[in-house]
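Read the structure below first, then the notes.
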Amino acid sequence: MPLVSQHYFRIAVIFLIIGICFGLYMSISTDHRFTGAHAHLNLVGWVTSALFGIYFALNPSKATGQLVRAQFWIFVVGVVIMTLALALLLAGNAAMVPFVAGGSMITFVGVLLFSYIVWRN
Ligand code: HEM
Ligand code: HEM
């Protein structure tokens with residue numbers, strides 16, 4: 001398996017564990033405020049990272065180079081900032097809005113870079 005796929009799966013399971021912890025907390029406490037952070041940690045953090053990892057494993061010729069490394073780090077940093085800031089925002093810290101927006105835009109840049117890697121020959 002290419003290194004970037006291993007990295008994506010390693011980070012994806014960390015997102016999954018943290019995402020499920022939010023889910024368990026919400027279920028046990030019946031405090032469902034964190035649904036947004038939970039949903040995006042699981043779907044953007046776990047599912048999307050794992051899909052990126054699978055894509056690179058199926059296309060090893062596309063899995064190396066500086067652009068691939070940059071795509072990985074931009075996406076992961078974006079997801080961390082977006083979901084962490086969203087969790088703090090949902091906990092009541094209104095000052096987190098610009099960080100949620102910034103993290104979301106960084107995540108989107110990671111998605112655009114991935115799309116470019118998929119389309120280029
Ligand atoms: C043990 C594991 C999990 C627990 C205990 C759990 C628990 C919860 C809870 C309590 C909610 C809030 C429901 C509501 O307020 O309506 C929720 C929502 C959600 N969960 Fe989980 N969850 C788990 C795993 C997952 C996983 C693995 C995923 C995705 C891969 C996921 C995706 C979602 C989504 C997308 C929502 C939002 C649904 C909506 O907007 O109606 N969950 N979960
Ligand atoms: C930068 C990327 C993204 C941004 C900025 C974003 C933003 C949002 C926003 C503003 C909501 C509404 C939340 C609410 O009404 O409380 C939402 C809900 C949702 N999004 Fe996203 N989203 C992104 C990516 C994704 C992706 C990639 C997926 C799936 C793979 C996804 C799945 C969902 C789901 C299932 C919900 C409903 C659950 C909830 O209420 O939180 N999102 N998203």
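Going through the structure tokens in order, the chains are called A, B, and so on, while each chain numbers its residues from 1 and the ligands are numbered from 1 in the order shown.
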
*Name the residues, by chain letter and number, that sit within 8 Å of ligand 2 using only C-alpha atoms and all ligand atoms, and give them as a list of chain:residue names.*
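Residues satisfying the distance criterion: A:Thr35, A:Gly36, A:Ala37, A:His38, A:Ala39, A:His40, A:Leu43, A:Val44, A:Val47, A:Thr48, A:Val79, A:Met82, A:Val100, A:Ala101, A:Gly103, A:Ser104, A:Met105, A:Ile106, A:Thr107, A:Phe108.
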
Selected residues written out, N, CA and C atoms, as a PDB file, in the first residue's frame:
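What follows is the written file selection-v3.pdb:
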ATOM      1  N   THR A  35     -23.951  17.212  17.476  1.00  0.00           N
ATOM      2  CA  THR A  35     -24.265  16.426  16.270  1.00  0.00           C
ATOM      3  C   THR A  35     -23.422  16.873  15.061  1.00  0.00           C
ATOM      4  N   GLY A  36     -23.292  18.191  14.862  1.00  0.00           N
ATOM      5  CA  GLY A  36     -22.552  18.692  13.694  1.00  0.00           C
ATOM      6  C   GLY A  36     -21.087  18.270  13.720  1.00  0.00           C
ATOM      7  N   ALA A  37     -20.445  18.403  14.882  1.00  0.00           N
ATOM      8  CA  ALA A  37     -19.031  18.018  15.003  1.00  0.00           C
ATOM      9  C   ALA A  37     -18.891  16.503  14.819  1.00  0.00           C
ATOM     10  N   HIS A  38     -19.801  15.740  15.432  1.00  0.00           N
ATOM     11  CA  HIS A  38     -19.794  14.276  15.331  1.00  0.00           C
ATOM     12  C   HIS A  38     -19.970  13.844  13.872  1.00  0.00           C
ATOM     13  N   ALA A  39     -20.993  14.419  13.184  1.00  0.00           N
ATOM     14  CA  ALA A  39     -21.293  14.020  11.802  1.00  0.00           C
ATOM     15  C   ALA A  39     -20.099  14.311  10.890  1.00  0.00           C
ATOM     16  N   HIS A  40     -19.471  15.492  11.057  1.00  0.00           N
ATOM     17  CA  HIS A  40     -18.376  15.847  10.150  1.00  0.00           C
ATOM     18  C   HIS A  40     -17.068  15.160  10.500  1.00  0.00           C
ATOM     19  N   LEU A  43     -17.893  11.755   8.867  1.00  0.00           N
ATOM     20  CA  LEU A  43     -18.088  11.692   7.410  1.00  0.00           C
ATOM     21  C   LEU A  43     -16.954  12.354   6.636  1.00  0.00           C
ATOM     22  N   VAL A  44     -16.456  13.499   7.113  1.00  0.00           N
ATOM     23  CA  VAL A  44     -15.331  14.133   6.418  1.00  0.00           C
ATOM     24  C   VAL A  44     -14.018  13.521   6.936  1.00  0.00           C
ATOM     25  N   VAL A  47     -14.762   8.860   6.831  1.00  0.00           N
ATOM     26  CA  VAL A  47     -15.181   8.299   5.531  1.00  0.00           C
ATOM     27  C   VAL A  47     -14.379   8.920   4.370  1.00  0.00           C
ATOM     28  N   THR A  48     -14.283  10.255   4.335  1.00  0.00           N
ATOM     29  CA  THR A  48     -13.621  10.886   3.189  1.00  0.00           C
ATOM     30  C   THR A  48     -12.123  10.577   3.185  1.00  0.00           C
ATOM     31  N   VAL A  79      -9.513  19.631   8.219  1.00  0.00           N
ATOM     32  CA  VAL A  79     -10.523  18.869   8.970  1.00  0.00           C
ATOM     33  C   VAL A  79     -10.327  19.060  10.477  1.00  0.00           C
ATOM     34  N   MET A  82     -11.480  22.643  11.328  1.00  0.00           N
ATOM     35  CA  MET A  82     -12.935  22.772  11.145  1.00  0.00           C
ATOM     36  C   MET A  82     -13.710  22.051  12.251  1.00  0.00           C
ATOM     37  N   VAL A 100     -14.070  28.027  12.222  1.00  0.00           N
ATOM     38  CA  VAL A 100     -14.878  27.027  11.506  1.00  0.00           C
ATOM     39  C   VAL A 100     -14.851  27.353  10.013  1.00  0.00           C
ATOM     40  N   ALA A 101     -15.038  28.648   9.697  1.00  0.00           N
ATOM     41  CA  ALA A 101     -15.048  29.062   8.286  1.00  0.00           C
ATOM     42  C   ALA A 101     -13.679  28.806   7.644  1.00  0.00           C
ATOM     43  N   GLY A 103     -11.228  26.746   8.634  1.00  0.00           N
ATOM     44  CA  GLY A 103     -10.971  25.300   8.540  1.00  0.00           C
ATOM     45  C   GLY A 103     -11.750  24.679   7.392  1.00  0.00           C
ATOM     46  N   SER A 104     -12.994  25.139   7.206  1.00  0.00           N
ATOM     47  CA  SER A 104     -13.829  24.609   6.123  1.00  0.00           C
ATOM     48  C   SER A 104     -13.217  24.952   4.762  1.00  0.00           C
ATOM     49  N   MET A 105     -12.702  26.191   4.631  1.00  0.00           N
ATOM     50  CA  MET A 105     -12.109  26.593   3.351  1.00  0.00           C
ATOM     51  C   MET A 105     -10.826  25.796   3.080  1.00  0.00           C
ATOM     52  N   ILE A 106     -10.026  25.561   4.135  1.00  0.00           N
ATOM     53  CA  ILE A 106      -8.797  24.775   3.949  1.00  0.00           C
ATOM     54  C   ILE A 106      -9.173  23.346   3.520  1.00  0.00           C
ATOM     55  N   THR A 107     -10.211  22.779   4.191  1.00  0.00           N
ATOM     56  CA  THR A 107     -10.688  21.441   3.817  1.00  0.00           C
ATOM     57  C   THR A 107     -11.101  21.425   2.350  1.00  0.00           C
ATOM     58  N   PHE A 108     -11.806  22.479   1.928  1.00  0.00           N
ATOM     59  CA  PHE A 108     -12.279  22.548   0.541  1.00  0.00           C
ATOM     60  C   PHE A 108     -11.100  22.616  -0.432  1.00  0.00           C
TER      61      PHE A 108
END

*Mind checking which residues fall within 12 Å of stretch 72-76 of chain A, counting only C-alpha atoms, ignoring those fewer than 3 positions away in the same chain, and posting them as a PyMOL selection string?*
chain A and resi 3-12+14-15+41+44-46+48-50+52-53+56+63-69+79-84+102-114+117

Could you give me, as CSV, a per-residue list for chain A showing, wherever an atom lies at most 6 Å from an atom of ligand 1, the closest pair of atoms and their distance in Å to one decimal, using only C-alpha atoms and all ligand atoms and sorting by chain then residue number from low to high?
residue,atom,partner,partner_atom_place_in_ligand_line,distance
A:Ile20,CA,ligand 1,2 (C),4.6
A:Gly23,CA,ligand 1,7 (C),3.6
A:Leu24,CA,ligand 1,5 (C),4.0
A:Met26,CA,ligand 1,10 (C),4.6
A:Ser27,CA,ligand 1,10 (C),4.2
A:His32,CA,ligand 1,15 (O),4.7
A:Thr35,CA,ligand 1,12 (C),5.0
A:Ala39,CA,ligand 1,34 (C),4.1
A:Asn42,CA,ligand 1,29 (C),4.6
A:Leu43,CA,ligand 1,30 (C),5.2

Using only C-alpha atoms, please write the residues we just selected to a file, as a CSV table (one decimal), in the first residue's frame.
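Saved the output as selection-v3.csv:
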chain,number,residue,atom,x,y,z
A,20,ILE,CA,-17.6,8.0,18.0
A,23,GLY,CA,-21.6,10.1,19.5
A,24,LEU,CA,-21.3,8.0,22.7
A,26,MET,CA,-24.3,12.5,23.1
A,27,SER,CA,-26.2,9.2,23.5
A,32,HIS,CA,-27.1,16.3,21.2
A,35,THR,CA,-24.3,16.4,16.3
A,39,ALA,CA,-21.3,14.0,11.8
A,42,ASN,CA,-17.1,10.8,11.0
A,43,LEU,CA,-18.1,11.7,7.4

*Kindly indicate which residue among A:Val118, A:Ala57, A:Phe34, A:Val77 lies nearest to A:Gly92, using only C-alpha atoms for the distances.*
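The shortest atom-to-atom distance to A:Gly92 comes from A:Phe34.
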
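Counting from atom CA of A:Ser29, the distance to atom CA of A:Ala91 is 14.0 Å.
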
*Could you check how far atom CA of A:Gly19 sits from atom CA of A:Pro60, in Å to one decimal?*
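Result for atom CA of A:Gly19 versus atom CA of A:Pro60: 28.9 Å, one decimal.
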
*Enter the distance from atom CA of A:Val97 to atom CA of A:Arg33, in Å, rounded to one decimal.*
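Pair atom CA of A:Val97 / atom CA of A:Arg33 returns 15.9 Å.
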
_DSSP on the backbone, alpha helix (DSSP H) only: what residues of chain A does that give? Format it as a ChimeraX atom specification._
/A:3-29,35-40,49-58,66-90,97-119

*Residue contacts of A:Met96 (9 Å, only C-alpha atoms) excluding same-chain residues fewer than 5 positions away, as number ranges by chain*: A: 85-86, 88-89, 101
